[in-house]
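Dumped final_33.txt below, it's compact mmCIF, C-alpha atoms:
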```txt
# COMPACT_ATOMS: atom_id res chain seq x y z
CA MET A 853 -41.75 87.81 25.54
CA HIS A 854 -44.22 90.47 26.64
CA ILE A 855 -44.20 90.82 30.39
CA ALA A 856 -47.80 91.83 31.10
CA GLU A 857 -48.81 95.23 32.46
CA GLY A 858 -48.19 95.54 36.20
CA PHE A 859 -46.36 92.21 36.42
CA LEU A 860 -42.96 93.59 37.36
CA PRO A 861 -42.42 95.02 40.87
CA ALA A 862 -42.13 98.81 40.69
CA GLY A 863 -38.39 98.83 41.38
CA HIS A 864 -37.71 96.46 38.50
CA ALA A 865 -40.06 98.37 36.20
CA VAL A 866 -38.21 101.63 36.90
CA GLY A 867 -34.80 99.94 36.66
CA TRP A 868 -35.45 98.43 33.23
CA THR A 869 -36.97 101.67 31.98
CA VAL A 870 -33.82 103.54 33.03
CA ALA A 871 -31.68 100.83 31.40
CA ALA A 872 -33.58 100.86 28.09
CA ALA A 873 -34.14 104.61 27.75
CA PRO A 874 -30.61 105.60 26.57
CA PHE A 875 -30.70 102.89 23.89
CA VAL A 876 -34.06 104.11 22.62
CA VAL A 877 -32.99 107.78 22.59
CA HIS A 878 -29.74 106.84 20.84
CA GLY A 879 -31.79 104.74 18.40
CA ALA A 880 -34.11 107.65 17.63
CA ARG A 881 -31.09 109.81 16.82
CA ALA A 882 -29.65 107.00 14.65
CA VAL A 883 -32.89 106.82 12.65
CA VAL A 884 -33.01 110.61 12.14
CA LYS A 885 -29.33 110.66 11.13
CA GLU A 886 -29.77 107.78 8.68
CA VAL A 887 -32.80 109.39 7.01
CA ARG A 888 -31.10 112.82 6.83
CA GLU A 889 -27.77 111.58 5.47
CA ASN A 890 -29.13 108.80 3.25
CA PRO A 891 -32.71 109.66 2.22
CA GLU A 892 -32.63 106.63 -0.09
CA SER A 893 -32.52 104.47 3.04
CA THR A 894 -36.04 105.49 4.01
CA LEU A 895 -37.66 102.71 1.97
CA LEU A 896 -35.51 99.98 3.50
CA LEU A 897 -35.96 101.44 6.99
CA GLY A 898 -39.68 101.17 6.39
CA ALA A 899 -39.22 97.55 5.34
CA ALA A 900 -37.25 96.79 8.52
CA GLY A 901 -39.95 98.34 10.70
CA ALA A 902 -42.74 96.66 8.75
CA PHE A 903 -41.04 93.26 9.02
CA THR A 904 -40.93 93.36 12.83
CA PHE A 905 -44.47 94.80 12.88
CA VAL A 906 -45.88 91.80 10.98
CA LEU A 907 -43.84 89.08 12.65
CA SER A 908 -44.52 90.22 16.21
CA ALA A 909 -48.27 90.24 15.52
CA ILE A 910 -48.46 86.62 14.44
CA LYS A 911 -48.82 83.97 17.11
CA LEU A 912 -47.64 80.60 15.89
CA PRO A 913 -48.08 77.09 17.27
CA SER A 914 -45.01 75.22 18.44
CA VAL A 915 -44.02 71.62 19.14
CA THR A 916 -44.55 72.15 22.88
CA GLY A 917 -48.30 72.67 22.51
CA SER A 918 -47.97 76.36 23.34
CA SER A 919 -47.92 79.25 20.95
CA SER A 920 -45.71 82.30 20.77
CA HIS A 921 -44.65 84.95 18.29
CA PRO A 922 -41.42 85.71 16.44
CA THR A 923 -39.69 89.08 16.81
CA GLY A 924 -38.40 90.08 13.36
CA THR A 925 -35.87 92.49 14.86
CA GLY A 926 -32.81 90.79 13.39
CA ALA A 927 -33.42 91.96 9.83
CA GLY A 928 -33.25 95.67 10.62
CA ALA A 929 -30.29 95.18 12.96
CA ILE A 930 -28.32 93.46 10.20
CA LEU A 931 -29.28 96.11 7.63
CA PHE A 932 -28.87 99.29 9.68
CA ARG A 933 -27.04 98.18 12.86
CA PRO A 934 -28.88 97.61 16.15
CA PRO A 935 -29.53 101.18 17.41
CA VAL A 936 -32.14 101.74 14.71
CA MET A 937 -34.11 98.74 16.00
CA ALA A 938 -34.08 100.10 19.55
CA LEU A 939 -36.49 102.77 18.29
CA LEU A 940 -38.47 100.69 15.78
CA GLY A 941 -38.87 97.80 18.22
CA THR A 942 -40.05 100.11 20.99
CA VAL A 943 -42.64 101.64 18.66
CA VAL A 944 -44.02 98.14 18.02
CA LEU A 945 -44.14 97.42 21.77
CA LEU A 946 -45.85 100.75 22.45
CA PHE A 947 -48.49 99.98 19.80
CA GLN A 948 -49.16 96.61 21.43
CA ALA A 949 -49.16 98.01 24.98
CA LEU A 950 -51.60 100.82 24.17
CA LEU A 951 -53.99 99.16 21.71
CA LEU A 952 -53.76 95.43 22.36
CA ALA A 953 -53.22 95.28 26.15
CA HIS A 954 -50.23 93.14 25.24
CA GLY A 955 -47.22 94.02 27.32
CA GLY A 956 -47.66 97.29 29.15
CA LEU A 957 -46.43 100.76 29.98
CA THR A 958 -44.93 99.75 33.35
CA THR A 959 -43.14 96.82 31.65
CA LEU A 960 -42.28 98.73 28.46
CA GLY A 961 -38.70 99.31 29.64
CA ALA A 962 -38.06 95.64 30.39
CA ASN A 963 -39.77 94.47 27.20
CA ALA A 964 -37.91 97.05 25.10
CA PHE A 965 -34.62 95.94 26.65
CA ALA A 966 -35.30 92.31 25.63
CA PHE A 967 -37.00 92.91 22.27
CA ALA A 968 -35.43 96.10 20.94
CA VAL A 969 -31.95 96.09 22.55
CA VAL A 970 -30.67 92.59 23.42
CA GLY A 971 -32.34 90.80 20.47
CA PRO A 972 -31.01 93.18 17.79
CA TRP A 973 -27.49 93.30 19.29
CA VAL A 974 -27.24 89.52 19.59
CA GLY A 975 -28.58 89.14 16.04
CA TYR A 976 -26.14 91.70 14.67
CA GLY A 977 -23.23 90.18 16.59
CA THR A 978 -24.08 86.71 15.31
CA TYR A 979 -24.34 88.03 11.76
CA ARG A 980 -20.95 89.76 11.99
CA LEU A 981 -19.35 86.69 13.55
CA THR A 982 -20.71 84.46 10.78
CA ARG A 983 -19.36 86.81 8.10
CA TRP A 984 -16.03 87.10 9.91
CA LEU A 985 -15.78 83.29 9.96
CA GLY A 986 -16.22 83.32 6.20
CA GLY A 987 -19.98 82.67 6.00
CA GLY A 988 -22.00 84.28 3.23
CA LEU A 989 -24.71 86.91 3.56
CA LEU A 990 -27.62 84.45 3.75
CA PRO A 991 -26.09 82.07 6.35
CA GLY A 992 -25.25 85.18 8.39
CA VAL A 993 -28.83 86.45 8.09
CA PHE A 994 -30.26 83.07 9.09
CA ALA A 995 -28.01 82.68 12.15
CA GLY A 996 -28.46 86.32 13.17
CA MET A 997 -32.24 86.28 12.96
CA VAL A 998 -32.61 82.93 14.76
CA LEU A 999 -30.46 84.10 17.67
CA ALA A 1000 -32.04 87.59 17.82
CA ASP A 1001 -35.37 85.84 18.36
CA LEU A 1002 -34.07 83.36 20.95
CA ALA A 1003 -32.01 85.95 22.82
CA THR A 1004 -35.12 88.10 23.29
CA TYR A 1005 -36.98 85.27 25.02
CA VAL A 1006 -33.97 84.26 27.11
CA THR A 1007 -33.70 87.87 28.29
CA THR A 1008 -37.39 87.94 29.22
CA SER A 1009 -36.92 84.71 31.20
CA LEU A 1010 -33.95 86.17 33.08
CA GLN A 1011 -35.82 89.42 33.77
CA LEU A 1012 -38.68 87.44 35.28
CA ALA A 1013 -36.26 85.28 37.28
CA LEU A 1014 -34.62 88.42 38.71
CA ALA A 1015 -38.01 89.77 39.76
CA PHE A 1016 -39.39 86.46 41.03
CA PRO A 1017 -36.57 84.25 42.35
CA ASP A 1018 -37.78 80.87 43.54
CA ALA A 1019 -38.26 80.53 47.32
CA THR A 1020 -36.10 77.41 47.53
CA THR A 1021 -34.03 77.18 44.33
CA GLY A 1022 -33.39 80.92 44.02
CA LEU A 1023 -32.47 82.75 40.86
CA ALA A 1024 -31.24 79.69 38.94
CA GLY A 1025 -34.37 77.71 39.71
CA ALA A 1026 -36.62 80.57 38.63
CA ALA A 1027 -34.58 81.11 35.46
CA ALA A 1028 -34.93 77.41 34.61
CA LYS A 1029 -38.68 77.62 35.22
CA PHE A 1030 -39.22 80.65 32.97
CA LEU A 1031 -36.83 79.36 30.30
CA GLY A 1032 -38.88 76.16 30.39
CA VAL A 1033 -41.96 78.15 29.41
CA PHE A 1034 -40.34 80.32 26.75
CA ALA A 1035 -37.19 78.81 25.28
CA LEU A 1036 -38.24 75.41 23.94
CA THR A 1037 -41.46 76.77 22.42
CA GLN A 1038 -39.44 79.46 20.72
CA ILE A 1039 -36.94 77.23 18.88
CA PRO A 1040 -39.12 76.28 15.86
CA LEU A 1041 -40.39 79.87 15.68
CA ALA A 1042 -36.85 81.19 15.62
CA ILE A 1043 -35.94 78.80 12.82
CA GLY A 1044 -39.04 79.88 10.87
CA GLU A 1045 -38.07 83.51 11.41
CA GLY A 1046 -34.55 82.76 10.13
CA LEU A 1047 -36.00 81.20 6.98
CA LEU A 1048 -38.28 84.20 6.39
CA GLY A 1049 -35.23 86.43 6.85
CA VAL A 1050 -33.37 84.47 4.18
CA LEU A 1051 -36.38 84.91 1.88
CA LEU A 1052 -36.43 88.67 2.54
CA PHE A 1053 -32.70 89.08 1.89
CA ARG A 1054 -32.92 86.96 -1.28
CA VAL A 1055 -35.43 89.50 -2.58
CA LEU A 1056 -33.30 92.41 -1.40
CA THR A 1057 -30.06 91.14 -2.98
CA VAL A 1058 -31.80 91.28 -6.36
CA ASN A 1059 -33.91 94.41 -5.97
CA ALA A 1060 -31.99 96.53 -3.48
CA ARG A 1061 -28.45 95.75 -4.50
CA PRO A 1062 -27.23 99.40 -4.42
CA GLU A 1063 -28.48 99.83 -0.84
CA LEU A 1064 -26.94 96.55 0.36
CA GLU A 1065 -23.62 97.56 -1.20
CA ARG A 1066 -23.73 101.00 0.40
CA LEU A 1067 -24.61 99.45 3.80
CA GLY A 1068 -21.66 97.09 3.41
CA LEU A 1069 -23.63 93.83 3.27
CA LEU A 1070 -22.56 93.02 -0.28
CA SER A 1071 -19.34 93.96 -1.98
CA PRO A 1072 -19.86 95.78 -5.29
CA ALA A 1073 -20.09 93.28 -8.12
CA PRO A 1074 -17.95 94.03 -11.19
CA VAL A 1075 -20.49 92.29 -13.45
CA PRO A 1076 -24.13 93.20 -12.75
CA ALA A 1077 -26.41 90.37 -11.53
CA ALA A 1078 -23.51 87.91 -11.24
CA GLY A 1079 -25.02 85.01 -9.38
CA GLY A 1080 -27.27 87.14 -7.17
CA ALA A 1081 -27.42 85.68 -3.67
CA ALA A 1082 -24.27 84.91 -1.74
CA MET B 1446 -39.98 77.84 -13.09
CA ASN B 1447 -36.36 78.89 -12.79
CA ARG B 1448 -34.05 77.75 -10.02
CA ARG B 1449 -34.39 80.96 -8.06
CA SER B 1450 -38.19 80.79 -7.77
CA LEU B 1451 -37.95 77.11 -6.93
CA VAL B 1452 -35.68 77.84 -3.96
CA ASP B 1453 -38.01 80.64 -2.83
CA ALA B 1454 -40.99 78.28 -3.05
CA LEU B 1455 -39.16 75.59 -1.09
CA ILE B 1456 -38.31 78.06 1.68
CA VAL B 1457 -41.97 79.10 1.93
CA LEU B 1458 -42.97 75.45 2.02
CA ALA B 1459 -40.44 74.74 4.78
CA VAL B 1460 -41.83 77.59 6.90
CA VAL B 1461 -45.41 76.36 6.46
CA ALA B 1462 -44.37 72.78 7.26
CA LEU B 1463 -42.50 73.93 10.37
CA PHE B 1464 -45.80 75.10 11.89
CA ALA B 1465 -48.30 72.81 10.15
CA VAL B 1466 -46.59 69.49 10.96
CA PRO B 1467 -46.62 69.92 14.78
CA LEU B 1468 -50.29 70.95 14.55
CA LEU B 1469 -51.17 67.86 12.52
CA LEU B 1470 -49.14 65.44 14.65
CA ASP B 1471 -50.67 66.90 17.80
CA GLY B 1472 -54.16 65.74 16.88
CA GLY B 1473 -55.98 68.41 18.86
CA THR B 1474 -54.68 67.52 22.31
CA SER B 1475 -52.88 70.80 23.04
CA GLU B 1476 -54.45 74.13 23.91
CA TYR B 1477 -51.78 76.29 22.22
CA GLY B 1478 -52.04 78.91 24.93
CA GLY B 1479 -49.65 81.82 24.62
CA THR B 1480 -46.39 81.60 26.57
CA ASP B 1481 -46.84 85.18 27.83
CA ALA B 1482 -50.20 84.26 29.36
CA THR B 1483 -48.77 81.05 30.85
CA VAL B 1484 -46.25 83.09 32.82
CA THR B 1485 -48.82 85.57 34.14
CA GLN B 1486 -51.06 82.68 35.21
CA GLU B 1487 -48.17 81.02 37.05
CA LEU B 1488 -47.26 84.26 38.81
CA GLU B 1489 -50.87 84.90 39.81
CA ALA B 1490 -51.16 81.31 41.08
CA ASP B 1491 -48.10 82.03 43.25
CA GLY B 1492 -49.98 84.94 44.78
CA TYR B 1493 -48.69 87.90 42.76
CA THR B 1494 -51.20 90.65 42.06
CA PRO B 1495 -50.42 93.07 39.22
CA TRP B 1496 -50.25 96.61 40.55
CA PHE B 1497 -51.16 98.41 37.34
CA ASP B 1498 -53.81 97.63 34.71
CA SER B 1499 -53.74 98.31 31.01
CA LEU B 1500 -55.24 101.70 30.18
CA PHE B 1501 -57.26 100.13 27.39
CA SER B 1502 -58.10 96.44 27.05
CA PRO B 1503 -59.85 95.43 23.85
CA ALA B 1504 -62.60 92.88 24.50
CA GLY B 1505 -62.84 89.49 22.76
CA GLU B 1506 -62.95 89.73 19.01
CA VAL B 1507 -61.80 93.36 18.99
CA GLU B 1508 -58.39 92.16 20.19
CA SER B 1509 -57.95 89.66 17.35
CA GLY B 1510 -59.06 92.38 14.95
CA LEU B 1511 -56.42 94.76 16.27
CA PHE B 1512 -53.75 92.04 15.97
CA ALA B 1513 -54.87 91.51 12.38
CA LEU B 1514 -54.62 95.27 11.87
CA GLN B 1515 -51.03 95.25 13.14
CA ALA B 1516 -50.13 92.44 10.74
CA ALA B 1517 -51.96 94.16 7.90
CA ILE B 1518 -50.13 97.46 8.43
CA GLY B 1519 -46.79 95.66 8.55
CA GLY B 1520 -47.54 93.38 5.61
CA GLY B 1521 -48.92 96.24 3.54
CA ALA B 1522 -45.90 98.45 4.18
CA LEU B 1523 -43.46 95.60 3.48
CA GLY B 1524 -45.24 94.74 0.22
CA TYR B 1525 -45.23 98.40 -0.84
CA VAL B 1526 -41.48 98.74 -0.26
CA LEU B 1527 -40.57 95.46 -1.98
CA GLY B 1528 -42.87 96.33 -4.89
CA ARG B 1529 -41.26 99.74 -5.30
CA LEU B 1530 -37.74 98.28 -5.15
CA ARG B 1531 -38.64 95.68 -7.75
CA GLY B 1532 -40.26 98.28 -10.00
CA ARG B 1533 -37.14 100.43 -9.70
CA ARG B 1534 -34.90 97.53 -10.74
CA LEU B 1535 -37.13 96.58 -13.67
CA ALA B 1536 -37.11 100.21 -14.86
CA GLN B 1537 -33.30 100.31 -14.60
CA ASP B 1538 -32.96 96.98 -16.43
CA ALA B 1539 -35.19 98.29 -19.21
CA GLY B 1540 -33.16 101.51 -19.30
CA THR B 1541 -29.81 99.73 -19.68
CA ALA B 1542 -31.18 97.21 -22.18
CA ALA B 1543 -32.54 99.94 -24.50
CA PRO B 1544 -30.13 101.17 -27.21
```

Let me see the structure of the file written as structure tokens.
Amino acid sequence: MHIAEGFLPAGHAVGWTVAAAPFVVHGARAVVKEVRENPESTLLLGAAGAFTFVLSAIKLPSVTGSSSHPTGTGAGAILFRPPVMALLGTVVLLFQALLLAHGGLTTLGANAFAFAVVGPWVGYGTYRLTRWLGGGLLPGVFAGMVLADLATYVTTSLQLALAFPDATTGLAGAAAKFLGVFALTQIPLAIGEGLLGVLLFRVLTVNARPELERLGLLSPAPVPAAGGAA
Amino acid sequence: MNRRSLVDALIVLAVVALFAVPLLLDGGTSEYGGTDATVTQELEADGYTPWFDSLFSPAGEVESGLFALQAAIGGGALGYVLGRLRGRRLAQDAGTAAP
């Protein structure tokens, strides 16, 4: 999902930067507020950042014969709501743009919009919808993390299609072309990411129960350790 | 092995299988190029020239090392947090179990 350095026309680069900036600034304030008001959240915030740091570094093979990487942004969005991930995700992208020549500074806005804004919001929305429909914590986490991953790559495809519409088939043709590169490859990765998310939340429901209750993910249990996972 | 660890182990196994099985079935015919690079190659083939270059581009093995560093930082931090949370719970359990 990293659009490479210099690969978006200047107008698009500026436009996406302007679009992403308020989310990132708002996210930075959300992180500061969370740490100030709930210092005990710091550990879990670190876990959310670390999770996306690891997952976005690992390139995995897919059924299509291409490889790609997961995003890991859904976990933090479900735990702390999406604004927090707008900052944490952008930090990851900045690290990769500056040290790994992966992504870039001119495309940071577009990449942040896909990876740190759309992905987390779609993941969080999917999680909330699953819970609202009566699903448990873990099904919600799985669905949320799978769709956070997929939504990021769909957004990247659409951003590229907007910048490079096909000469004959236009925007739709270009979108189909870029989705063809990204979307199918990403499906097994997204499922793998969902499973890792379930694993993470299984550990958290046992070891970070007070935090999950305070964040509203679990309702307080009258009997301690009753059943554990939802 | 209790039921909880069994489920955890099965999830790990499923994740490994999800990526190992396509690799094995493929039999070495695919290149496994990155999707990001595929797109830049297509755009360059269509005549697009990037107008800005990365300030710093790690060469060859340095790049894979830096990717490993990113994963190591993330994995290390995640392990530290989960270890601390587990230690905290065990200490609390011991505290409530004591008379």

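In this structure, atom CA of A:Gly898 sits 12.7 Å away from atom CA of B:Gly1528.
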
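The gap separating atom CA of A:Thr959 from atom CA of B:Ser1502 is 15.7 Å, in Å to one decimal.
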
Nearest candidate to chain A (options B:Glu1489, B:Leu1523, B:Leu1514, B:Leu1470; using all atoms listed in the file): B:Leu1523

Residues near A:Val1006, cut-off 10 Å, all atoms listed in the file, skip fewer than 5 positions along chain, as a PyMOL selection string: chain A and resi 853+966+970-971+1001+1011-1012+1027+1030-1031+1034-1035+1038

Long-range neighbours of B:Ala1513 as a VMD selection string, 12 Å cut-off, all atoms listed in the file, 3 positions minimum in chain: (chain A and resid 905 to 911 948 952) or (chain B and resid 1506 to 1510 1516 to 1521)

Would you save the residues of that selection, restricted to C-alpha atoms, as a tab-separated table (two decimals), in the coordinates of the input?
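So result_21.tsv came out as:
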```
chain	number	residue	atom	x	y	z
A	905	PHE	CA	-44.47	94.80	12.88
A	906	VAL	CA	-45.88	91.80	10.98
A	907	LEU	CA	-43.84	89.08	12.65
A	908	SER	CA	-44.52	90.22	16.21
A	909	ALA	CA	-48.27	90.24	15.52
A	910	ILE	CA	-48.46	86.62	14.44
A	911	LYS	CA	-48.82	83.97	17.11
A	948	GLN	CA	-49.16	96.61	21.43
A	952	LEU	CA	-53.76	95.43	22.36
B	1506	GLU	CA	-62.95	89.73	19.01
B	1507	VAL	CA	-61.80	93.36	18.99
B	1508	GLU	CA	-58.39	92.16	20.19
B	1509	SER	CA	-57.95	89.66	17.35
B	1510	GLY	CA	-59.06	92.38	14.95
B	1516	ALA	CA	-50.13	92.44	10.74
B	1517	ALA	CA	-51.96	94.16	7.90
B	1518	ILE	CA	-50.13	97.46	8.43
B	1519	GLY	CA	-46.79	95.66	8.55
B	1520	GLY	CA	-47.54	93.38	5.61
B	1521	GLY	CA	-48.92	96.24	3.54
```

Which chain A residues have any atom within 7 Å of an atom of chain B, and for each, what is the nearest pair of atoms with distance in Å to one decimal, counting only C-alpha atoms, rows sorted by chain and number, as a tab-separated table?
```
residue	atom	partner	partner_atom	distance
A:Met853	CA	B:Asp1481	CA	6.2
A:His854	CA	B:Asp1481	CA	6.0
A:Ile855	CA	B:Asp1481	CA	6.7
A:Glu857	CA	B:Asp1498	CA	6.0
A:Gly858	CA	B:Phe1497	CA	4.3
A:Phe859	CA	B:Pro1495	CA	5.0
A:Leu895	CA	B:Val1526	CA	5.9
A:Ala899	CA	B:Leu1523	CA	5.0
A:Ala902	CA	B:Gly1519	CA	4.2
A:Phe903	CA	B:Gly1519	CA	6.2
A:Phe905	CA	B:Gly1519	CA	5.0
A:Val906	CA	B:Ala1516	CA	4.3
A:Ala909	CA	B:Ala1516	CA	5.6
A:Pro913	CA	B:Phe1464	CA	6.2
A:Ser914	CA	B:Phe1464	CA	6.6
A:Val915	CA	B:Pro1467	CA	5.4
A:Gly917	CA	B:Ser1475	CA	5.0
A:Ser918	CA	B:Tyr1477	CA	4.0
A:Ser919	CA	B:Gly1479	CA	4.8
A:Ser920	CA	B:Gly1479	CA	5.5
A:Leu950	CA	B:Phe1501	CA	6.5
A:Leu951	CA	B:Phe1501	CA	6.6
A:Leu952	CA	B:Glu1508	CA	6.1
A:Ala953	CA	B:Ser1502	CA	5.1
A:Gly956	CA	B:Ser1499	CA	6.4
A:Val1033	CA	B:Thr1480	CA	6.3
A:Phe1034	CA	B:Thr1480	CA	6.2
A:Pro1040	CA	B:Leu1463	CA	6.9
A:Gly1044	CA	B:Val1460	CA	5.4
A:Leu1047	CA	B:Ile1456	CA	6.6
A:Leu1051	CA	B:Asp1453	CA	6.6
A:Asn1059	CA	B:Arg1531	CA	5.2
A:Ala1060	CA	B:Leu1530	CA	6.2
```

Test item: which residues lie within 12 Å of (-24.6, 100.9, -4.7) counting only C-alpha atoms, as a PyMOL selection string: chain A and resi 892-893+1057+1059-1074+1076

What would the file look like if the residues just selected were written as a PDB file, keeping the file's coordinate frame with C-alpha atoms?
```
ATOM      1  CA  GLU A 892     -32.630 106.630  -0.090  1.00  0.00           C
ATOM      2  CA  SER A 893     -32.520 104.470   3.040  1.00  0.00           C
ATOM      3  CA  THR A1057     -30.060  91.140  -2.980  1.00  0.00           C
ATOM      4  CA  ASN A1059     -33.910  94.410  -5.970  1.00  0.00           C
ATOM      5  CA  ALA A1060     -31.990  96.530  -3.480  1.00  0.00           C
ATOM      6  CA  ARG A1061     -28.450  95.750  -4.500  1.00  0.00           C
ATOM      7  CA  PRO A1062     -27.230  99.400  -4.420  1.00  0.00           C
ATOM      8  CA  GLU A1063     -28.480  99.830  -0.840  1.00  0.00           C
ATOM      9  CA  LEU A1064     -26.940  96.550   0.360  1.00  0.00           C
ATOM     10  CA  GLU A1065     -23.620  97.560  -1.200  1.00  0.00           C
ATOM     11  CA  ARG A1066     -23.730 101.000   0.400  1.00  0.00           C
ATOM     12  CA  LEU A1067     -24.610  99.450   3.800  1.00  0.00           C
ATOM     13  CA  GLY A1068     -21.660  97.090   3.410  1.00  0.00           C
ATOM     14  CA  LEU A1069     -23.630  93.830   3.270  1.00  0.00           C
ATOM     15  CA  LEU A1070     -22.560  93.020  -0.280  1.00  0.00           C
ATOM     16  CA  SER A1071     -19.340  93.960  -1.980  1.00  0.00           C
ATOM     17  CA  PRO A1072     -19.860  95.780  -5.290  1.00  0.00           C
ATOM     18  CA  ALA A1073     -20.090  93.280  -8.120  1.00  0.00           C
ATOM     19  CA  PRO A1074     -17.950  94.030 -11.190  1.00  0.00           C
ATOM     20  CA  PRO A1076     -24.130  93.200 -12.750  1.00  0.00           C
TER      21      PRO A1076
END
```

Polymer residues at most 12 Å from A:Leu1023, only C-alpha atoms, same-chain spacing of 3 or more positions, as an MDAnalysis selection string: chainID A and resid 1009:1020 1026:1031

Identify, on the basis of only C-alpha atoms, every residue whose closest approach to A:Val887 does not exceed 12 Å; exclude the query and any residue fewer than 4 positions from it along the same chain; express the result as a CSV table (one decimal) with C-alpha atoms, keeping the file's coordinate frame.
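This went into result_28.csv:
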```
chain,number,residue,atom,x,y,z
A,880,ALA,CA,-34.1,107.6,17.6
A,881,ARG,CA,-31.1,109.8,16.8
A,882,ALA,CA,-29.6,107.0,14.6
A,883,VAL,CA,-32.9,106.8,12.6
A,891,PRO,CA,-32.7,109.7,2.2
A,892,GLU,CA,-32.6,106.6,-0.1
A,893,SER,CA,-32.5,104.5,3.0
A,894,THR,CA,-36.0,105.5,4.0
A,895,LEU,CA,-37.7,102.7,2.0
A,896,LEU,CA,-35.5,100.0,3.5
A,897,LEU,CA,-36.0,101.4,7.0
A,898,GLY,CA,-39.7,101.2,6.4
A,932,PHE,CA,-28.9,99.3,9.7
A,936,VAL,CA,-32.1,101.7,14.7
```

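When all atoms listed in the file are used to measure the gap to A:His864, the shortest distance among A:Thr978, A:Thr1021, A:Thr916, A:Thr958 belongs to A:Thr958.
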
Interatomic distance, atom CA of A:Ala872 to atom CA of A:Ala964 (Å, one decimal):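 We find that atom CA of A:Ala872 and atom CA of A:Ala964 lie 6.5 Å from each other.
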
12 Å contact set for A:Val876, only C-alpha atoms, chain neighbours under 4 positions out, as a PyMOL selection string: chain A and resi 869-872+880-883+934-943+960-961+964-965+967-969

Taking every listed atom of stretch 936-950 of chain A and adding 4 Å to each side, what centre and edge lengths in Å (one decimal) does the axis-aligned box have, as JSON?
```
{"center_x": -41.9, "center_y": 99.7, "center_z": 19.8, "size_x": 27.5, "size_y": 14.2, "size_z": 18.3}
```

From the coordinates I just gave you, please extract stretch 934-938 of chain A so that only all heavy atoms remain, then output it as a PDB file, in the first residue's frame.
```
ATOM      1  N   PRO A 934     -10.140   5.095  16.492  1.00  0.00           N
ATOM      2  CA  PRO A 934      -9.242   5.328  15.359  1.00  0.00           C
ATOM      3  C   PRO A 934      -8.287   6.525  15.453  1.00  0.00           C
ATOM      4  O   PRO A 934      -7.177   6.435  14.922  1.00  0.00           O
ATOM      5  CB  PRO A 934     -10.211   5.495  14.181  1.00  0.00           C
ATOM      6  CG  PRO A 934     -11.436   4.764  14.603  1.00  0.00           C
ATOM      7  CD  PRO A 934     -11.535   4.925  16.079  1.00  0.00           C
ATOM      8  N   PRO A 935      -8.660   7.660  16.083  1.00  0.00           N
ATOM      9  CA  PRO A 935      -7.741   8.805  16.018  1.00  0.00           C
ATOM     10  C   PRO A 935      -6.327   8.482  16.498  1.00  0.00           C
ATOM     11  O   PRO A 935      -5.342   8.957  15.914  1.00  0.00           O
ATOM     12  CB  PRO A 935      -8.411   9.836  16.943  1.00  0.00           C
ATOM     13  CG  PRO A 935      -9.860   9.506  16.871  1.00  0.00           C
ATOM     14  CD  PRO A 935      -9.918   8.011  16.768  1.00  0.00           C
ATOM     15  N   VAL A 936      -6.226   7.642  17.533  1.00  0.00           N
ATOM     16  CA  VAL A 936      -4.918   7.282  18.062  1.00  0.00           C
ATOM     17  C   VAL A 936      -4.036   6.656  16.968  1.00  0.00           C
ATOM     18  O   VAL A 936      -2.844   6.930  16.866  1.00  0.00           O
ATOM     19  CB  VAL A 936      -5.112   6.299  19.245  1.00  0.00           C
ATOM     20  CG1 VAL A 936      -3.840   5.579  19.586  1.00  0.00           C
ATOM     21  CG2 VAL A 936      -5.652   7.051  20.448  1.00  0.00           C
ATOM     22  N   MET A 937      -4.667   5.837  16.109  1.00  0.00           N
ATOM     23  CA  MET A 937      -3.900   5.165  15.068  1.00  0.00           C
ATOM     24  C   MET A 937      -3.484   6.111  13.947  1.00  0.00           C
ATOM     25  O   MET A 937      -2.554   5.816  13.208  1.00  0.00           O
ATOM     26  CB  MET A 937      -4.686   3.985  14.486  1.00  0.00           C
ATOM     27  CG  MET A 937      -4.913   2.845  15.448  1.00  0.00           C
ATOM     28  SD  MET A 937      -3.439   2.406  16.398  1.00  0.00           S
ATOM     29  CE  MET A 937      -2.410   1.720  15.102  1.00  0.00           C
ATOM     30  N   ALA A 938      -4.186   7.242  13.811  1.00  0.00           N
ATOM     31  CA  ALA A 938      -3.766   8.216  12.801  1.00  0.00           C
ATOM     32  C   ALA A 938      -2.349   8.684  13.104  1.00  0.00           C
ATOM     33  O   ALA A 938      -1.522   8.853  12.199  1.00  0.00           O
ATOM     34  CB  ALA A 938      -4.731   9.404  12.767  1.00  0.00           C
TER      35      ALA A 938
END
```
